[in-house]
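Enquirer: This is the content of coords28.cif (mmCIF, C-alpha atoms):
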```cif
data_query
#
loop_
_atom_site.label_atom_id
_atom_site.label_comp_id
_atom_site.auth_asym_id
_atom_site.auth_seq_id
_atom_site.Cartn_x
_atom_site.Cartn_y
_atom_site.Cartn_z
CA MET A 1 29.63 60.04 -36.35
CA MET A 2 25.82 60.00 -36.05
CA GLU A 3 25.54 63.15 -38.18
CA LYS A 4 27.73 61.64 -40.88
CA ARG A 5 25.62 58.46 -40.91
CA GLN A 6 22.42 60.53 -41.26
CA ARG A 7 23.92 62.48 -44.16
CA TYR A 8 24.91 59.20 -45.83
CA THR A 9 21.39 57.78 -45.37
CA ALA A 10 19.81 60.95 -46.75
CA MET A 11 22.12 60.88 -49.78
CA THR A 12 21.27 57.21 -50.40
CA VAL A 13 17.55 58.00 -50.35
CA ILE A 14 18.04 60.93 -52.73
CA LEU A 15 20.01 58.79 -55.18
CA TRP A 16 17.37 56.04 -54.99
CA LEU A 17 14.56 58.52 -55.69
CA ALA A 18 16.52 59.97 -58.59
CA ALA A 19 16.97 56.49 -60.06
CA VAL A 20 13.26 55.73 -59.73
CA MET A 21 12.28 59.06 -61.32
CA ALA A 22 14.73 58.50 -64.15
CA GLN A 23 13.26 55.08 -64.83
CA ALA A 24 9.64 56.29 -64.81
CA GLN A 25 8.60 57.77 -68.13
CA ASP A 26 5.63 60.01 -68.76
CA PHE A 27 5.00 59.75 -72.49
CA GLN A 28 1.95 61.62 -73.73
CA GLN A 29 2.04 60.10 -77.23
CA LEU A 30 3.82 57.27 -79.02
CA TRP A 31 3.92 56.13 -82.65
CA VAL A 32 5.02 53.02 -84.53
CA THR A 33 6.82 53.23 -87.85
CA GLY A 34 9.03 51.14 -90.09
CA SER A 35 8.71 48.64 -92.94
CA ALA A 36 6.28 46.51 -90.90
CA VAL A 37 3.69 49.30 -90.56
CA PRO A 38 1.36 49.30 -93.63
CA ASP A 39 0.55 53.02 -93.42
CA GLY A 40 4.11 54.07 -92.64
CA THR A 41 3.30 55.59 -89.25
CA CYS A 42 0.50 54.90 -86.77
CA GLU A 43 -0.25 56.50 -83.39
CA LEU A 44 -0.73 54.23 -80.40
CA THR A 45 -3.76 54.50 -78.12
CA ARG A 46 -2.97 55.84 -74.65
CA ARG A 47 -4.80 53.92 -71.95
CA PRO A 48 -6.04 55.49 -68.69
CA ASP A 49 -3.30 53.61 -66.82
CA GLY A 50 -0.56 55.32 -68.85
CA GLN A 51 0.26 52.33 -71.05
CA PHE A 52 0.04 52.45 -74.85
CA ARG A 53 -1.72 49.95 -77.11
CA PHE A 54 -1.51 49.08 -80.81
CA ALA A 55 -4.03 46.77 -82.48
CA GLY A 56 -3.96 46.22 -86.22
CA ALA A 57 -2.32 44.68 -89.25
CA LEU A 58 1.44 44.46 -89.71
CA ASN A 59 3.67 43.29 -92.53
CA ALA A 60 6.84 41.24 -92.21
CA GLY A 61 9.64 43.68 -91.50
CA GLU A 62 10.95 46.02 -88.83
CA LEU A 63 8.83 48.02 -86.37
CA LYS A 64 10.11 51.01 -84.42
CA ILE A 65 8.38 52.81 -81.57
CA MET A 66 9.10 56.55 -81.35
CA THR A 67 8.10 59.61 -79.35
CA THR A 68 7.26 61.93 -82.28
CA GLU A 69 5.06 61.44 -85.33
CA TYR A 70 7.93 62.33 -87.66
CA TYR A 71 11.63 61.82 -87.09
CA ILE A 72 13.34 64.93 -85.72
CA LYS A 73 17.08 64.55 -85.37
CA GLY A 74 18.22 64.99 -81.78
CA THR A 75 14.63 65.16 -80.48
CA THR A 76 12.90 61.92 -81.43
CA GLN A 77 13.51 59.05 -79.05
CA PHE A 78 13.17 55.41 -80.06
CA LEU A 79 12.20 52.58 -77.73
CA LYS A 80 15.01 50.21 -78.71
CA PRO A 81 14.93 46.57 -77.58
CA GLN A 82 17.78 45.71 -75.24
CA LEU A 83 18.42 42.40 -77.00
CA VAL A 84 19.48 41.87 -80.61
CA ASP A 85 16.83 40.35 -82.91
CA SER A 86 13.93 40.96 -80.50
CA TYR A 87 10.69 39.65 -81.94
CA LEU A 88 7.51 41.65 -81.49
CA ILE A 89 5.62 38.56 -80.31
CA ASN A 90 6.93 38.08 -76.78
CA HIS A 91 5.93 37.91 -73.11
CA GLY A 92 7.52 41.24 -72.24
CA LEU A 93 10.94 42.53 -73.31
CA ASN A 94 12.80 45.50 -71.86
CA TYR A 95 13.72 48.51 -73.96
CA THR A 96 16.07 51.47 -73.69
CA LEU A 97 15.75 54.96 -75.14
CA THR A 98 17.94 56.21 -77.94
CA THR A 99 17.98 59.13 -80.37
CA ASP A 100 20.00 57.10 -82.87
CA GLU A 101 17.69 56.35 -85.81
CA SER A 102 20.02 53.61 -87.08
CA GLN A 103 19.48 51.40 -84.02
CA PRO A 104 17.45 48.23 -84.74
CA GLY A 105 13.77 47.98 -83.85
CA TRP A 106 11.43 45.07 -83.24
CA VAL A 107 11.25 42.13 -85.66
CA VAL A 108 7.90 41.22 -87.24
CA SER A 109 8.49 37.87 -88.89
CA PHE A 110 5.23 37.48 -90.89
CA GLN A 111 2.21 39.42 -92.11
CA GLU A 112 -0.98 39.18 -90.05
CA ASP A 113 -4.05 41.35 -89.42
CA THR A 114 -4.40 40.83 -85.67
CA TYR A 115 -1.19 42.04 -84.03
CA ARG A 116 -1.38 43.72 -80.65
CA LEU A 117 1.41 45.33 -78.67
CA LEU A 118 1.47 47.07 -75.32
CA VAL A 119 4.07 49.57 -74.15
CA ASP A 120 4.49 49.86 -70.38
CA PRO A 121 6.57 53.00 -69.69
CA GLN A 122 6.80 52.30 -65.96
CA ALA A 123 8.30 48.83 -66.43
CA ARG A 124 10.05 49.87 -69.66
CA LYS A 125 8.68 46.80 -71.42
CA VAL A 126 7.04 46.01 -74.73
CA THR A 127 4.71 43.00 -74.97
CA GLY A 128 3.35 41.68 -78.28
CA GLU A 129 0.92 39.00 -79.38
CA LEU A 130 -1.38 37.72 -82.08
CA MET A 131 -4.94 38.15 -80.83
CA LEU A 132 -7.31 35.23 -81.34
CA PRO A 133 -11.11 35.56 -80.95
CA TRP A 134 -12.77 34.41 -77.75
CA ASN A 135 -15.53 31.84 -77.89
CA GLU A 136 -17.86 33.89 -75.69
CA VAL A 137 -18.32 36.97 -73.53
CA LEU A 138 -20.69 37.04 -70.55
CA ILE A 139 -21.88 39.70 -68.12
CA ALA A 140 -21.52 38.84 -64.44
CA GLY A 141 -22.53 40.72 -61.31
CA SER A 142 -25.39 42.20 -59.35
CA ALA A 143 -26.50 44.81 -61.90
CA PHE A 144 -29.02 42.50 -63.62
CA PRO A 145 -31.91 40.49 -62.14
CA GLY A 146 -30.76 37.11 -60.82
CA GLY A 147 -27.07 37.86 -61.13
CA SER A 148 -26.46 37.98 -57.37
CA ASP A 149 -27.90 37.42 -53.92
CA ARG A 150 -26.95 38.95 -50.57
CA VAL A 151 -23.85 36.76 -50.30
CA GLU A 152 -22.24 36.36 -53.72
CA TRP A 153 -22.48 36.76 -57.47
CA LYS A 154 -24.06 33.79 -59.21
CA ARG A 155 -21.56 32.27 -61.60
CA ASP A 156 -24.15 30.06 -63.29
CA ASN A 157 -26.46 33.04 -63.92
CA MET A 158 -24.09 34.98 -66.17
CA LEU A 159 -25.75 36.25 -69.35
CA PRO A 160 -24.12 35.77 -72.79
CA PHE A 161 -23.28 38.45 -75.35
CA GLU A 162 -24.00 37.90 -79.05
CA ARG A 163 -21.07 37.77 -81.46
CA ASP A 164 -21.12 40.11 -84.46
CA HIS A 165 -21.60 38.21 -87.73
CA ASP A 166 -18.95 40.26 -89.56
CA ASN A 167 -16.36 40.77 -86.82
CA PRO A 168 -15.52 37.84 -84.48
CA TYR A 169 -13.97 40.23 -81.91
CA VAL A 170 -17.13 42.32 -81.42
CA PHE A 171 -19.84 41.21 -78.97
CA THR A 172 -23.13 42.91 -78.06
CA TRP A 173 -25.55 42.46 -75.17
CA VAL A 174 -28.99 44.01 -74.67
CA GLY A 175 -30.88 43.73 -71.41
CA GLU A 176 -32.07 45.18 -68.12
CA LEU A 177 -29.51 46.74 -65.79
CA GLY A 178 -29.95 48.63 -62.55
CA THR A 179 -29.14 49.03 -58.88
CA TYR A 180 -31.23 46.53 -56.90
CA ASP A 181 -31.84 45.83 -53.22
CA ASN A 182 -30.84 42.70 -51.27
CA VAL A 183 -27.75 41.92 -53.37
CA VAL A 184 -24.04 42.10 -52.75
CA GLU A 185 -22.24 44.99 -54.53
CA PRO A 186 -25.43 46.65 -55.88
CA GLY A 187 -25.19 47.99 -59.44
CA ARG A 188 -21.79 46.47 -60.24
CA PHE A 189 -20.74 44.13 -63.04
CA LYS A 190 -17.73 42.90 -65.01
CA LEU A 191 -17.32 40.73 -68.09
CA GLU A 192 -16.05 37.15 -68.31
CA GLY A 193 -14.66 35.15 -71.21
CA GLN A 194 -16.07 31.89 -69.87
CA MET A 195 -18.79 30.66 -67.51
CA THR A 196 -16.51 30.95 -64.47
CA TRP A 197 -14.22 33.42 -62.71
CA GLY A 198 -11.20 33.83 -64.98
CA PRO A 199 -8.80 33.40 -66.54
CA ARG A 200 -10.32 35.70 -69.19
CA GLU A 201 -11.90 38.79 -67.65
CA LEU A 202 -12.65 42.34 -68.81
CA HIS A 203 -12.61 45.28 -66.41
CA PRO A 204 -12.83 49.08 -66.45
CA PHE A 205 -9.69 50.97 -65.47
CA ALA A 206 -11.34 52.46 -62.36
CA GLN A 207 -13.68 51.01 -59.75
CA ASP A 208 -17.35 52.01 -60.20
CA GLU A 209 -16.71 53.55 -63.60
CA ASP A 210 -19.98 54.84 -65.08
CA LEU A 211 -20.83 52.43 -67.90
CA LEU A 212 -22.24 55.29 -70.01
CA GLU A 213 -18.93 57.18 -69.81
CA SER A 214 -16.58 54.22 -70.19
CA THR A 215 -14.76 53.89 -73.54
CA GLN A 216 -11.77 51.63 -72.82
CA MET A 217 -11.40 48.38 -70.93
CA CYS A 218 -8.52 46.11 -70.00
CA THR A 219 -8.09 42.37 -70.22
CA GLY A 220 -7.25 41.12 -66.74
CA GLY A 221 -5.70 43.59 -64.34
CA ALA A 222 -7.33 44.88 -61.15
CA ASP A 223 -10.75 43.44 -60.29
CA ASN A 224 -12.59 46.72 -61.00
CA LYS A 225 -16.27 46.75 -61.91
CA TRP A 226 -18.55 49.01 -63.93
CA HIS A 227 -21.44 50.66 -62.12
CA VAL A 228 -25.02 51.22 -63.29
CA TRP A 229 -26.43 54.52 -62.03
CA GLN A 230 -29.73 54.50 -63.90
CA ASN A 231 -32.12 51.55 -64.13
CA GLY A 232 -33.18 50.70 -67.65
CA THR A 233 -32.57 48.71 -70.80
CA TYR A 234 -29.02 48.98 -72.12
CA ARG A 235 -27.02 47.90 -75.13
CA ILE A 236 -23.33 47.15 -74.46
CA THR A 237 -20.85 46.59 -77.29
CA VAL A 238 -17.27 45.49 -76.70
CA ASP A 239 -14.40 45.05 -79.14
CA LEU A 240 -11.99 42.51 -77.68
CA PHE A 241 -9.28 43.25 -80.23
CA ARG A 242 -9.14 47.00 -79.61
CA GLU A 243 -10.32 46.72 -75.99
CA THR A 244 -13.07 49.29 -76.47
CA PHE A 245 -16.33 49.52 -74.50
CA HIS A 246 -19.53 51.33 -75.44
CA ALA A 247 -22.84 51.35 -73.58
CA GLU A 248 -26.05 53.18 -74.38
CA LEU A 249 -29.31 53.50 -72.48
CA LEU A 250 -32.08 52.48 -74.85
CA TYR A 251 -34.81 53.56 -72.46
CA ALA A 252 -35.11 54.17 -68.75
CA SER A 253 -36.98 51.72 -66.58
CA SER A 254 -40.45 52.87 -65.59
CA ASN A 255 -39.91 51.33 -62.16
CA ALA A 256 -36.54 52.94 -61.48
CA GLU A 257 -35.86 52.88 -57.77
CA VAL A 258 -36.25 56.58 -57.00
CA THR A 259 -37.85 58.10 -53.94
CA GLY A 260 -39.53 61.43 -53.24
CA VAL A 261 -39.73 64.62 -55.25
CA GLU A 262 -37.48 67.53 -54.34
CA ILE A 263 -38.18 71.04 -55.65
CA LEU A 264 -35.17 73.29 -56.28
CA ASN A 265 -34.22 76.32 -58.29
CA ALA A 266 -32.30 75.43 -61.44
CA GLU A 267 -29.38 77.55 -60.20
CA ASN A 268 -28.93 75.21 -57.21
CA ASN A 269 -26.34 72.79 -58.64
CA GLU A 270 -23.75 70.54 -57.03
CA THR A 271 -20.99 68.95 -59.08
CA SER A 272 -20.87 65.85 -56.82
CA LYS A 273 -24.27 64.63 -58.08
CA LYS A 274 -24.97 62.54 -61.18
CA ILE A 275 -27.92 64.04 -63.03
CA TYR A 276 -30.11 62.35 -65.66
CA HIS A 277 -33.18 63.23 -67.70
CA ILE A 278 -36.15 60.93 -67.13
CA ASN A 279 -35.21 59.17 -70.41
CA GLY A 280 -31.72 58.40 -69.08
CA THR A 281 -29.73 61.15 -70.84
CA ARG A 282 -26.86 62.34 -68.63
CA TYR A 283 -26.79 66.09 -67.83
CA PRO A 284 -23.79 68.07 -66.55
CA GLN A 285 -26.10 70.04 -64.23
CA LEU A 286 -29.72 70.36 -63.16
CA ARG A 287 -32.16 71.53 -65.83
CA ARG A 288 -35.59 73.08 -65.52
CA GLY A 289 -38.20 70.35 -65.25
CA LEU A 290 -37.93 66.84 -63.84
CA ASN A 291 -34.44 65.39 -63.19
CA ILE A 292 -33.29 62.03 -61.85
CA VAL A 293 -30.46 62.71 -59.39
CA ARG A 294 -28.11 60.15 -57.86
CA TYR A 295 -26.23 61.44 -54.84
CA PRO A 296 -22.73 60.29 -53.74
CA ASP A 297 -24.27 58.10 -51.00
CA GLY A 298 -26.22 56.15 -53.66
CA THR A 299 -29.58 57.78 -52.95
CA VAL A 300 -31.69 58.43 -56.05
CA ARG A 301 -34.39 61.12 -56.07
CA LYS A 302 -36.63 62.92 -58.51
CA VAL A 303 -35.76 66.62 -58.50
CA MET A 304 -38.08 69.20 -60.00
CA CYS A 305 -36.29 72.43 -61.01
CA ARG A 306 -38.17 75.69 -61.49
#
```
Could you express the structure from this file as C-alpha cells?
Expert:
Amino acid sequence: MMEKRQRYTAMTVILWLAAVMAQAQDFQQLWVTGSAVPDGTCELTRRPDGQFRFAGALNAGELKIMTTEYYIKGTTQFLKPQLVDSYLINHGLNYTLTTDESQPGWVVSFQEDTYRLLVDPQARKVTGELMLPWNEVLIAGSAFPGGSDRVEWKRDNMLPFERDHDNPYVFTWVGELGTYDNVVEPGRFKLEGQMTWGPRELHPFAQDEDLLESTQMCTGGADNKWHVWQNGTYRITVDLFRETFHAELLYASSNAEVTGVEILNAENNETSKKIYHINGTRYPQLRRGLNIVRYPDGTVRKVMCR
C-alpha cells in the first residue's frame, strides 16, 4: 500500500512539473504585425528578464503577435487573446498559442504615437497602455555627494534630470558620481519619478549593474540599484518611453578613492576584476601602463603593468 502511494505521489509531481514546463515559454524573438502596425511588421525588444516590449506608433486596426518575422504555415505561432474583442490597452490579458492565421488578434481602437505593450511569456499575458510623459526624473542614492548618510538615503537631496526640449520622454543628468565612505549602500543609486519613494521608480534588471554597461531599465519591479565603479563626472540619459538607459564617463575624478600602486606583468590577468584606464575607459583586461582596478571586494588600486 505504501509503495503504491509513493508511486502515485511521484506521478503527481511529474504531471505537475510537466504542466509547469508546458506553460513556461522561452521565446527568443517576437514580432507584431497586422493592419494596426504602420510598417507592416515590427520586432519586439527582448528584455533581460525574458519579457518583450513594444513602444511606438499604431494605427486603428488589428494587431497580432507572432513567433516568426514572416508567416510560415504550420510553423508560425500567434499569441491569440483568450477573450473575443480583446483591446490592446488593458491591465493584463491572457493569451493562448495557435498556428491558425485566421484567429483574431488584439484590437487597437484609435491611432496614437505612444503605445506600449509588454508580453510576459511566463504568465502568458499581454499588457498594453498609452504612455504619458512624467513631470520629472530624479537620481536618488549614495553614489553622489549628499545623497546619503550612514543610516539612510536622503529623500530631500535627490537631484533632478533635465528634460529634452524635443522629446518629453528623454531626460539627462550630468554630475559627480562615485563610491564614498561613511554612507549606506556605497556607490548605489536608482531613479525616481517624484521627490519621494515611489510609486514611479526606475531600476536596472540586476542588482549592482554597472552603469556604464547598462542599456535597458524597467519601470517598477525589484528594488535593484545601479552601481558606480569609477569616481568621476557622468552624463546619464534615459528614455522613459522605450525604457533605455545610457551613461558615459565624461572624465574621471582626480581624487578617485584608490590606494597603493601594484606592479604586475601585463600577462597577469583575472577576469573577476573590473579594469579601467585612468580616464575611465573600461578595459577587458590589464594593459601595459597605469590601470585602475576594482576588485570583487570593492577595493580599488592603481596597477602598473610592465
Enquirer: Give me, please, the distance in Å between atom CA of A:Asp39 and atom CA of A:Pro168, quoted to one decimal.
Expert: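 Interatomic distance here is 23.8 Å.
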Enquirer: Run the PyMOL selection byres ((chain A and resi 191-196) around 8) mentally over the shown coordinates, then write out the matched residues as a PyMOL selection string, using the chain letters and numbers from the document.
Expert: chain A and resi 134-140+155-156+158+189-190+197-203
Enquirer: Using C-alpha atoms, can you write the selected residues to a file as a short mmCIF file (atom, residue, chain, number, x, y, z; two decimals), keeping the file's coordinate frame?
Expert:
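Done, and the output landed in out_25.cif:
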```cif
data_model
loop_
_atom_site.label_atom_id
_atom_site.label_comp_id
_atom_site.auth_asym_id
_atom_site.auth_seq_id
_atom_site.Cartn_x
_atom_site.Cartn_y
_atom_site.Cartn_z
CA TRP A 134 -12.77 34.41 -77.75
CA ASN A 135 -15.53 31.84 -77.89
CA GLU A 136 -17.86 33.89 -75.69
CA VAL A 137 -18.32 36.97 -73.53
CA LEU A 138 -20.69 37.04 -70.55
CA ILE A 139 -21.88 39.70 -68.12
CA ALA A 140 -21.52 38.84 -64.44
CA ARG A 155 -21.56 32.27 -61.60
CA ASP A 156 -24.15 30.06 -63.29
CA MET A 158 -24.09 34.98 -66.17
CA PHE A 189 -20.74 44.13 -63.04
CA LYS A 190 -17.73 42.90 -65.01
CA TRP A 197 -14.22 33.42 -62.71
CA GLY A 198 -11.20 33.83 -64.98
CA PRO A 199 -8.80 33.40 -66.54
CA ARG A 200 -10.32 35.70 -69.19
CA GLU A 201 -11.90 38.79 -67.65
CA LEU A 202 -12.65 42.34 -68.81
CA HIS A 203 -12.61 45.28 -66.41
#
```
Enquirer: My list of candidates is A:Leu249, A:Met66, A:Gly175, A:Glu101. Which is closest to A:Pro160 when distances are computed with only C-alpha atoms?
Expert: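 For A:Pro160, the nearest of the given residues is A:Gly175.
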Enquirer: Just to confirm, what's the straight-line distance from atom CA of A:Thr41 to atom CA of A:Gln82 in Å (one decimal)?
Expert: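 Computing the Euclidean distance for atom CA of A:Thr41 and atom CA of A:Gln82 yields 22.4 Å.
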Enquirer: Env of stretch 87-98 of chain A: 9 Å cut, atoms = all atoms listed in the file, seq-sep filter 5 positions within chain, self excluded. Answer as a PyMOL selection string.
Expert: chain A and resi 63+76-82+103+106-109+115-118+123-130
Enquirer: Given only C-alpha atoms as the basis, pick out the residue of A:Arg287, A:Arg242, A:Arg306, A:Lys273 nearest to A:Phe54.
Expert: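 With only C-alpha atoms as the atom set, the closest residue is A:Arg242.
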Enquirer: Can you work out which one of A:Cys305, A:Ala143, A:Leu159, A:Leu240 has the shortest atom-to-atom distance to A:Leu211, counting all atoms listed in the file?
Expert: A:Ala143
Enquirer: Neighbours of A:Glu209 within 7 Å (all atoms listed in the file; same-chain residues fewer than 5 positions away dropped), as number ranges by chain?
Expert: A: 204, 214, 226-227
Enquirer: Evaluate the PyMOL selection byres ((chain A and resi 187) around 8) and record the selected residues as a PDB file with C-alpha atoms, in the frame of the given file, following the chain and residue labels used in the document.
Expert:
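Written file, result_11.pdb:
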```pdb
ATOM      1  CA  GLY A 141     -22.530  40.720 -61.310  1.00  0.00           C
ATOM      2  CA  SER A 142     -25.390  42.200 -59.350  1.00  0.00           C
ATOM      3  CA  ALA A 143     -26.500  44.810 -61.900  1.00  0.00           C
ATOM      4  CA  PHE A 144     -29.020  42.500 -63.620  1.00  0.00           C
ATOM      5  CA  LEU A 177     -29.510  46.740 -65.790  1.00  0.00           C
ATOM      6  CA  GLY A 178     -29.950  48.630 -62.550  1.00  0.00           C
ATOM      7  CA  THR A 179     -29.140  49.030 -58.880  1.00  0.00           C
ATOM      8  CA  TYR A 180     -31.230  46.530 -56.900  1.00  0.00           C
ATOM      9  CA  GLU A 185     -22.240  44.990 -54.530  1.00  0.00           C
ATOM     10  CA  PRO A 186     -25.430  46.650 -55.880  1.00  0.00           C
ATOM     11  CA  ARG A 188     -21.790  46.470 -60.240  1.00  0.00           C
ATOM     12  CA  PHE A 189     -20.740  44.130 -63.040  1.00  0.00           C
ATOM     13  CA  HIS A 227     -21.440  50.660 -62.120  1.00  0.00           C
ATOM     14  CA  VAL A 228     -25.020  51.220 -63.290  1.00  0.00           C
ATOM     15  CA  TRP A 229     -26.430  54.520 -62.030  1.00  0.00           C
TER      16      TRP A 229
END
```
Enquirer: Taking (1.2, 50.2, -89.9) in the file's coordinates, which residues come within 10 Å, counting only C-alpha atoms, written as a list in words?
Expert: Trp31, Val32, Thr33, Gly34, Ser35, Ala36, Val37, Pro38, Asp39, Gly40, Thr41, Cys42, Glu43, Phe54, Ala55, Gly56, Ala57, Leu58, Asn59 and Leu63 of chain A
Enquirer: For a test of reading the model, state the distance in Å between atom CA of A:Arg288 and atom CA of A:Val303, rounded to one decimal.
Expert: 9.5 Å
Enquirer: With only C-alpha atoms as the counted atoms, please give the residues lying no more than 12 Å from A:Arg47, apart from itself and same-chain residues fewer than 5 positions off, as a list in words.
Expert: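 Returned residues: Phe27, Gln28, Gln29, Leu30, Phe52, Arg53, Phe54, Leu118, Val119, Asp120, Pro121, Pro204, Phe205, Ala206, Ser214, Thr215, Gln216, Met217, Cys218, Arg242, Glu243 and Thr244 of chain A.
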Enquirer: Pull the neighbourhood of (-27.3, 54.2, -76.2) for me: all residues within 10 Å in file coordinates, counting all atoms listed in the file, as a ChimeraX atom specification.
Expert: /A:212,233-236,246-251,280-281
Enquirer: Evaluate the PyMOL selection byres ((chain A and resi 132) around 9) here and jot the selected residues down as JSON, numbers by chain.
Expert: {"A": [114, 130, 131, 133, 134, 169, 241]}
Enquirer: For stretch 166-174 of chain A, supply all heavy atoms and format the output as a PDB file, keeping the file's coordinate frame.
Expert:
```
ATOM      1  N   ASP A 166     -20.024  39.833 -88.657  1.00  0.00           N
ATOM      2  CA  ASP A 166     -18.950  40.260 -89.560  1.00  0.00           C
ATOM      3  C   ASP A 166     -17.604  40.416 -88.858  1.00  0.00           C
ATOM      4  O   ASP A 166     -16.570  40.416 -89.520  1.00  0.00           O
ATOM      5  CB  ASP A 166     -19.332  41.593 -90.220  1.00  0.00           C
ATOM      6  CG  ASP A 166     -20.596  41.485 -91.039  1.00  0.00           C
ATOM      7  OD1 ASP A 166     -20.763  40.462 -91.730  1.00  0.00           O
ATOM      8  OD2 ASP A 166     -21.433  42.413 -90.983  1.00  0.00           O
ATOM      9  N   ASN A 167     -17.607  40.562 -87.546  1.00  0.00           N
ATOM     10  CA  ASN A 167     -16.360  40.770 -86.820  1.00  0.00           C
ATOM     11  C   ASN A 167     -16.349  39.853 -85.596  1.00  0.00           C
ATOM     12  O   ASN A 167     -17.090  40.069 -84.638  1.00  0.00           O
ATOM     13  CB  ASN A 167     -16.239  42.234 -86.387  1.00  0.00           C
ATOM     14  CG  ASN A 167     -14.876  42.552 -85.788  1.00  0.00           C
ATOM     15  OD1 ASN A 167     -14.183  41.682 -85.265  1.00  0.00           O
ATOM     16  ND2 ASN A 167     -14.487  43.816 -85.860  1.00  0.00           N
ATOM     17  N   PRO A 168     -15.504  38.818 -85.578  1.00  0.00           N
ATOM     18  CA  PRO A 168     -15.520  37.840 -84.480  1.00  0.00           C
ATOM     19  C   PRO A 168     -15.033  38.396 -83.146  1.00  0.00           C
ATOM     20  O   PRO A 168     -15.158  37.731 -82.124  1.00  0.00           O
ATOM     21  CB  PRO A 168     -14.580  36.741 -84.987  1.00  0.00           C
ATOM     22  CG  PRO A 168     -13.656  37.445 -85.928  1.00  0.00           C
ATOM     23  CD  PRO A 168     -14.485  38.492 -86.599  1.00  0.00           C
ATOM     24  N   TYR A 169     -14.475  39.622 -83.141  1.00  0.00           N
ATOM     25  CA  TYR A 169     -13.970  40.230 -81.910  1.00  0.00           C
ATOM     26  C   TYR A 169     -15.005  41.138 -81.238  1.00  0.00           C
ATOM     27  O   TYR A 169     -14.794  41.587 -80.119  1.00  0.00           O
ATOM     28  CB  TYR A 169     -12.710  41.041 -82.196  1.00  0.00           C
ATOM     29  CG  TYR A 169     -11.561  40.197 -82.696  1.00  0.00           C
ATOM     30  CD1 TYR A 169     -11.337  40.043 -84.056  1.00  0.00           C
ATOM     31  CD2 TYR A 169     -10.713  39.544 -81.811  1.00  0.00           C
ATOM     32  CE1 TYR A 169     -10.289  39.261 -84.527  1.00  0.00           C
ATOM     33  CE2 TYR A 169      -9.661  38.766 -82.264  1.00  0.00           C
ATOM     34  CZ  TYR A 169      -9.460  38.621 -83.623  1.00  0.00           C
ATOM     35  OH  TYR A 169      -8.428  37.845 -84.087  1.00  0.00           O
ATOM     36  N   VAL A 170     -16.117  41.397 -81.926  1.00  0.00           N
ATOM     37  CA  VAL A 170     -17.130  42.320 -81.420  1.00  0.00           C
ATOM     38  C   VAL A 170     -18.313  41.530 -80.861  1.00  0.00           C
ATOM     39  O   VAL A 170     -18.847  40.642 -81.532  1.00  0.00           O
ATOM     40  CB  VAL A 170     -17.598  43.293 -82.519  1.00  0.00           C
ATOM     41  CG1 VAL A 170     -18.758  44.149 -82.029  1.00  0.00           C
ATOM     42  CG2 VAL A 170     -16.434  44.175 -82.970  1.00  0.00           C
ATOM     43  N   PHE A 171     -18.709  41.867 -79.635  1.00  0.00           N
ATOM     44  CA  PHE A 171     -19.840  41.210 -78.970  1.00  0.00           C
ATOM     45  C   PHE A 171     -20.801  42.277 -78.451  1.00  0.00           C
ATOM     46  O   PHE A 171     -20.379  43.343 -78.001  1.00  0.00           O
ATOM     47  CB  PHE A 171     -19.357  40.362 -77.797  1.00  0.00           C
ATOM     48  CG  PHE A 171     -18.617  39.102 -78.185  1.00  0.00           C
ATOM     49  CD1 PHE A 171     -17.283  39.164 -78.574  1.00  0.00           C
ATOM     50  CD2 PHE A 171     -19.244  37.865 -78.152  1.00  0.00           C
ATOM     51  CE1 PHE A 171     -16.590  38.015 -78.924  1.00  0.00           C
ATOM     52  CE2 PHE A 171     -18.565  36.710 -78.492  1.00  0.00           C
ATOM     53  CZ  PHE A 171     -17.233  36.779 -78.883  1.00  0.00           C
ATOM     54  N   THR A 172     -22.099  41.974 -78.495  1.00  0.00           N
ATOM     55  CA  THR A 172     -23.130  42.910 -78.060  1.00  0.00           C
ATOM     56  C   THR A 172     -24.109  42.214 -77.117  1.00  0.00           C
ATOM     57  O   THR A 172     -24.452  41.041 -77.312  1.00  0.00           O
ATOM     58  CB  THR A 172     -23.885  43.494 -79.262  1.00  0.00           C
ATOM     59  OG1 THR A 172     -22.962  44.183 -80.108  1.00  0.00           O
ATOM     60  CG2 THR A 172     -24.957  44.477 -78.813  1.00  0.00           C
ATOM     61  N   TRP A 173     -24.538  42.962 -76.111  1.00  0.00           N
ATOM     62  CA  TRP A 173     -25.550  42.460 -75.170  1.00  0.00           C
ATOM     63  C   TRP A 173     -26.612  43.524 -74.965  1.00  0.00           C
ATOM     64  O   TRP A 173     -26.297  44.710 -74.860  1.00  0.00           O
ATOM     65  CB  TRP A 173     -24.898  42.127 -73.823  1.00  0.00           C
ATOM     66  CG  TRP A 173     -25.838  41.605 -72.787  1.00  0.00           C
ATOM     67  CD1 TRP A 173     -26.248  40.309 -72.608  1.00  0.00           C
ATOM     68  CD2 TRP A 173     -26.497  42.355 -71.766  1.00  0.00           C
ATOM     69  NE1 TRP A 173     -27.110  40.216 -71.549  1.00  0.00           N
ATOM     70  CE2 TRP A 173     -27.284  41.460 -71.002  1.00  0.00           C
ATOM     71  CE3 TRP A 173     -26.488  43.714 -71.415  1.00  0.00           C
ATOM     72  CZ2 TRP A 173     -28.052  41.875 -69.925  1.00  0.00           C
ATOM     73  CZ3 TRP A 173     -27.255  44.131 -70.338  1.00  0.00           C
ATOM     74  CH2 TRP A 173     -28.029  43.216 -69.606  1.00  0.00           C
ATOM     75  N   VAL A 174     -27.866  43.109 -74.929  1.00  0.00           N
ATOM     76  CA  VAL A 174     -28.990  44.010 -74.670  1.00  0.00           C
ATOM     77  C   VAL A 174     -29.809  43.429 -73.535  1.00  0.00           C
ATOM     78  O   VAL A 174     -30.176  42.236 -73.564  1.00  0.00           O
ATOM     79  CB  VAL A 174     -29.874  44.202 -75.917  1.00  0.00           C
ATOM     80  CG1 VAL A 174     -31.068  45.080 -75.590  1.00  0.00           C
ATOM     81  CG2 VAL A 174     -29.078  44.794 -77.072  1.00  0.00           C
TER      82      VAL A 174
END
```
